[in-house]
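Colleague: Before I ask anything, here is the structure I am working with.
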Amino acid sequence: MSRRWWAMAGAAVTVAAGLGVRAWGGGDFAKYAGDALYTALVCAVVVVVAPRLRTAVAAAVALGFSWAVELLQIVGIPAALQPLLGSTFNAPDLFWYAVGAALCLVVGARGVRSWT
């Protein structure tokens, strides 16, 4: 199975996990788990688009994107994009995005050998 296919499978699992957390979780757990899963999903998309990138680079790109979106919320995100990108800056989100990037590194290093 190619790295791109592993990344697509990972994206599907990540979306399912996010939906599960929202359905059965609540409060801060669901919010912060969603933040971590958001970055993990971005990482998977990066690998689908650029499968030759090393996992660490894909995770760094995903983390940078997630942080950029969060920081853009300080100045305001257009209303049309708010359902996808959020609207309110929350500093703890920055940490949880890093947790999601670390999850990608762990999966890449240990879970799926062809992802590294």
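Convention: chains lettered A, B, ... in structure tokens order; per-chain residue numbering from 1; ligands numbered from 1 as shown.
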Find the residues around segment 86-93 of chain A up to 12 Å (only C-alpha atoms counted), leave out those fewer than 4 positions away in its own chain, and share them as an NGL selection string.

Modeller: :A and (28-29 or 31-39 or 63 or 66-82 or 97-100)

Colleague: Nearest residue to Val106 of chain A out of A:Gly18, A:Leu41, A:Ala59, A:Leu53, using only C-alpha atoms?

Modeller: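 Among the listed residues, the smallest separation from Val106 of chain A belongs to A:Ala59.
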